[in-house]
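Shown next, in structure tokens, is the structure this report addresses.
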Amino acid sequence: MKIIVLVKEVPDTYGDRKLNLETGLADRAASEAVIDEIGERALELALTYAGANEGTEVAVVSLAPEGATATIRRGLAMGAGSAIHVSDEALRGADLGLTAETLAAAIRRVGFDLVITGNVSTDGSGGMIPAMLAELLDVPHATGLSTVEISDGAVSGSRPVDSGVQKVSANLPAVISITEALPGARFPNFKGIMAAKKKPLDVLTLADLRITADNPDAARSIMLTVAEKPPRAAGVKIIDEGDAGEKLADFLVENRLA
């Protein structure tokens, strides 16, 4: 079985993240770049299965700037056997449609039985890439899984819904996305870090994948405005002078919270 895991380089989740108000893009120089935690959890799922099932191949695929090589190699240090790094200046600021089209082409190029992704990234928070990939690859998908079981010909799992827990399954090949309910990632050890330097990491461009970023036949989204999040305002303090209940009720009604 060949499992492809999508990983994404993002600004450190625990650091301060800023937007460039001219481009609308994340200012990646403002904080350390790391693999998104949800991507590491997806890789952990694949590696755990590979460890228990001989002959399973795990590869990581990432669409990232040219300088992301060290970040991607962390996935190799964790245990993935190979990596694909899609890097092209024309992809700077790519929307979800172009991103999915490019990733699908890279995945199709190397072949797959199962694609595992996180449900949503911590920077863009688009959340649509897994479904878009499945559509472009013409395979079934199961998204937002909090438990996963992989077998030779199928993948299944469960996800929370309003009324309880939904059980889903799909025949392979397929695309799945997982939530933070899945186990956290292992830490690369020294042996893994040294081995990662010798594992194959192929760098592909849009030309290699035969994709044109400005294809007039493909609809692309357009950003209209971007603004910084306003600072948190002070809350309303209600002093109890015997009428605190009434004041609280009035506040809830006035703000349409009741």
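Identifiers in the structure tokens: chain A, B, ... in order shown; residue index from 1 per chain; ligand index from 1 in order shown.
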(message) I'd like to know which residues of segment 18-230 of chain A are strand (DSSP E) (by DSSP, run on the backbone); could you write them as a PyMOL selection string?
(response) chain A and resi 33-35+57-63+82-86+114-118+141-145+147-150+154-161+164-171+174-178+201-204
(request) With a distance cut-off of 12 Å and only C-alpha atoms, select the neighbouring residues of Thr99 of chain A, excluding the residue or stretch itself and same-chain residues fewer than 3 positions from it, and output the selection as a ChimeraX atom specification. (result) /A:6,8,62-64,86-88,90-96,102-106,124,126,128-130,132-133,136,206,211-213,220-221
(request) Show which residues sit within 10 Å of segment 179-193 of chain A, as a count of residues only. Count only C-alpha atoms, and ignore same-chain residues fewer than 4 positions away. (result) 32
(message) So, with only C-alpha atoms as the atoms that count, which of A:Glu149, A:Glu89, A:Glu241, A:Asp12 lies closest to Gly67 of chain A?
(response)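 For Gly67 of chain A, the nearest of the candidates is A:Glu89.
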(request) Quick one: everything within 8 Å of Ala46 of chain A, counting only C-alpha atoms, minus sequence neighbours fewer than 5 positions away in the same chain. Send it as a list of chain:residue names. (result)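 Counting only C-alpha atoms, the residues come to A:Ile3, A:Val5, A:Val58, A:Ile116.
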(request) Using only C-alpha atoms, determine which residues lie at most 6 Å from segment 109-114 of chain A, disregarding the query and same-chain residues fewer than 3 positions distant; provide the list as a VMD selection string. (result) chain A and resid 2 to 3 106 172 to 175
Dump as a CSV table (one decimal), in the first residue's frame, selection limited to N, CA and C atoms:
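This went into result.csv:
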chain,number,residue,atom,x,y,z
A,2,LYS,N,0.4,2.2,-0.7
A,2,LYS,CA,1.2,3.5,-0.8
A,2,LYS,C,0.3,4.6,-0.2
A,3,ILE,N,0.8,5.2,0.9
A,3,ILE,CA,0.0,6.3,1.6
A,3,ILE,C,0.7,7.6,1.4
A,106,ALA,N,0.5,16.4,-8.4
A,106,ALA,CA,1.7,15.8,-7.7
A,106,ALA,C,1.3,14.4,-7.2
A,172,LEU,N,-10.7,1.8,-1.2
A,172,LEU,CA,-9.5,2.5,-1.7
A,172,LEU,C,-9.4,2.3,-3.2
A,173,PRO,N,-8.8,3.3,-3.8
A,173,PRO,CA,-8.1,4.5,-3.3
A,173,PRO,C,-9.1,5.5,-2.8
A,174,ALA,N,-8.7,6.3,-1.8
A,174,ALA,CA,-9.5,7.3,-1.2
A,174,ALA,C,-8.7,8.4,-0.6
A,175,VAL,N,-9.4,9.5,-0.2
A,175,VAL,CA,-8.8,10.6,0.5
A,175,VAL,C,-9.6,10.7,1.8
(request) Please identify which residues in segment 27-117 of chain A DSSP calls alpha helix (DSSP H) from the backbone, and express them as JSON, numbers by chain. (result) {"A": [37, 38, 39, 40, 41, 42, 43, 44, 45, 46, 47, 48, 49, 50, 51, 52, 69, 70, 71, 72, 73, 74, 75, 76, 77, 78, 96, 97, 98, 99, 100, 101, 102, 103, 104, 105, 106, 107, 108, 109, 110]}
(request) Tell me which of A:Ala170, A:Ile35, A:Ala234, A:Asp214 sits closest to Gly97 of chain A, counting only C-alpha atoms. (result)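 Looking at the shortest contact to Gly97 of chain A, the residue is A:Asp214.
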(message) Which residues are near His85 of chain A? Cut-off 9 Å, only C-alpha atoms, ignore same chain within fewer than 6 positions. Put them as a list in words.
(response) Val60, Val61, Ser62, Leu63, Ala64, Pro65, Glu66, Ala68, Thr69, Ile72, Leu201, Asp202, Val203, Leu204 and Thr205 of chain A
Could you please take those selected residues and save C-alpha atoms as a PDB file, in the first residue's frame?
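That gives us again00.pdb:
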ATOM      1  CA  VAL A  60       4.864  13.220   2.278  1.00  0.00           C
ATOM      2  CA  VAL A  61       3.762  15.869  -0.213  1.00  0.00           C
ATOM      3  CA  SER A  62       3.970  19.582   0.456  1.00  0.00           C
ATOM      4  CA  LEU A  63       3.273  22.731  -1.525  1.00  0.00           C
ATOM      5  CA  ALA A  64       5.603  25.272   0.040  1.00  0.00           C
ATOM      6  CA  PRO A  65       8.126  28.048  -0.649  1.00  0.00           C
ATOM      7  CA  GLU A  66      11.634  27.191  -1.794  1.00  0.00           C
ATOM      8  CA  ALA A  68      10.801  24.903   3.246  1.00  0.00           C
ATOM      9  CA  THR A  69      13.135  21.969   2.588  1.00  0.00           C
ATOM     10  CA  ILE A  72       9.669  18.938   4.950  1.00  0.00           C
ATOM     11  CA  LEU A 201      13.111  14.557  -1.736  1.00  0.00           C
ATOM     12  CA  ASP A 202      11.987  15.584  -5.217  1.00  0.00           C
ATOM     13  CA  VAL A 203      11.280  19.244  -5.985  1.00  0.00           C
ATOM     14  CA  LEU A 204       8.628  19.864  -8.654  1.00  0.00           C
ATOM     15  CA  THR A 205       7.492  23.025 -10.394  1.00  0.00           C
TER      16      THR A 205
END
(message) Report, in Å to a single decimal, how far apart atom CA of Ile4 of chain A and atom CA of Ala70 of chain A are.
(response)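 Here the two named atoms are 18.9 Å from each other.
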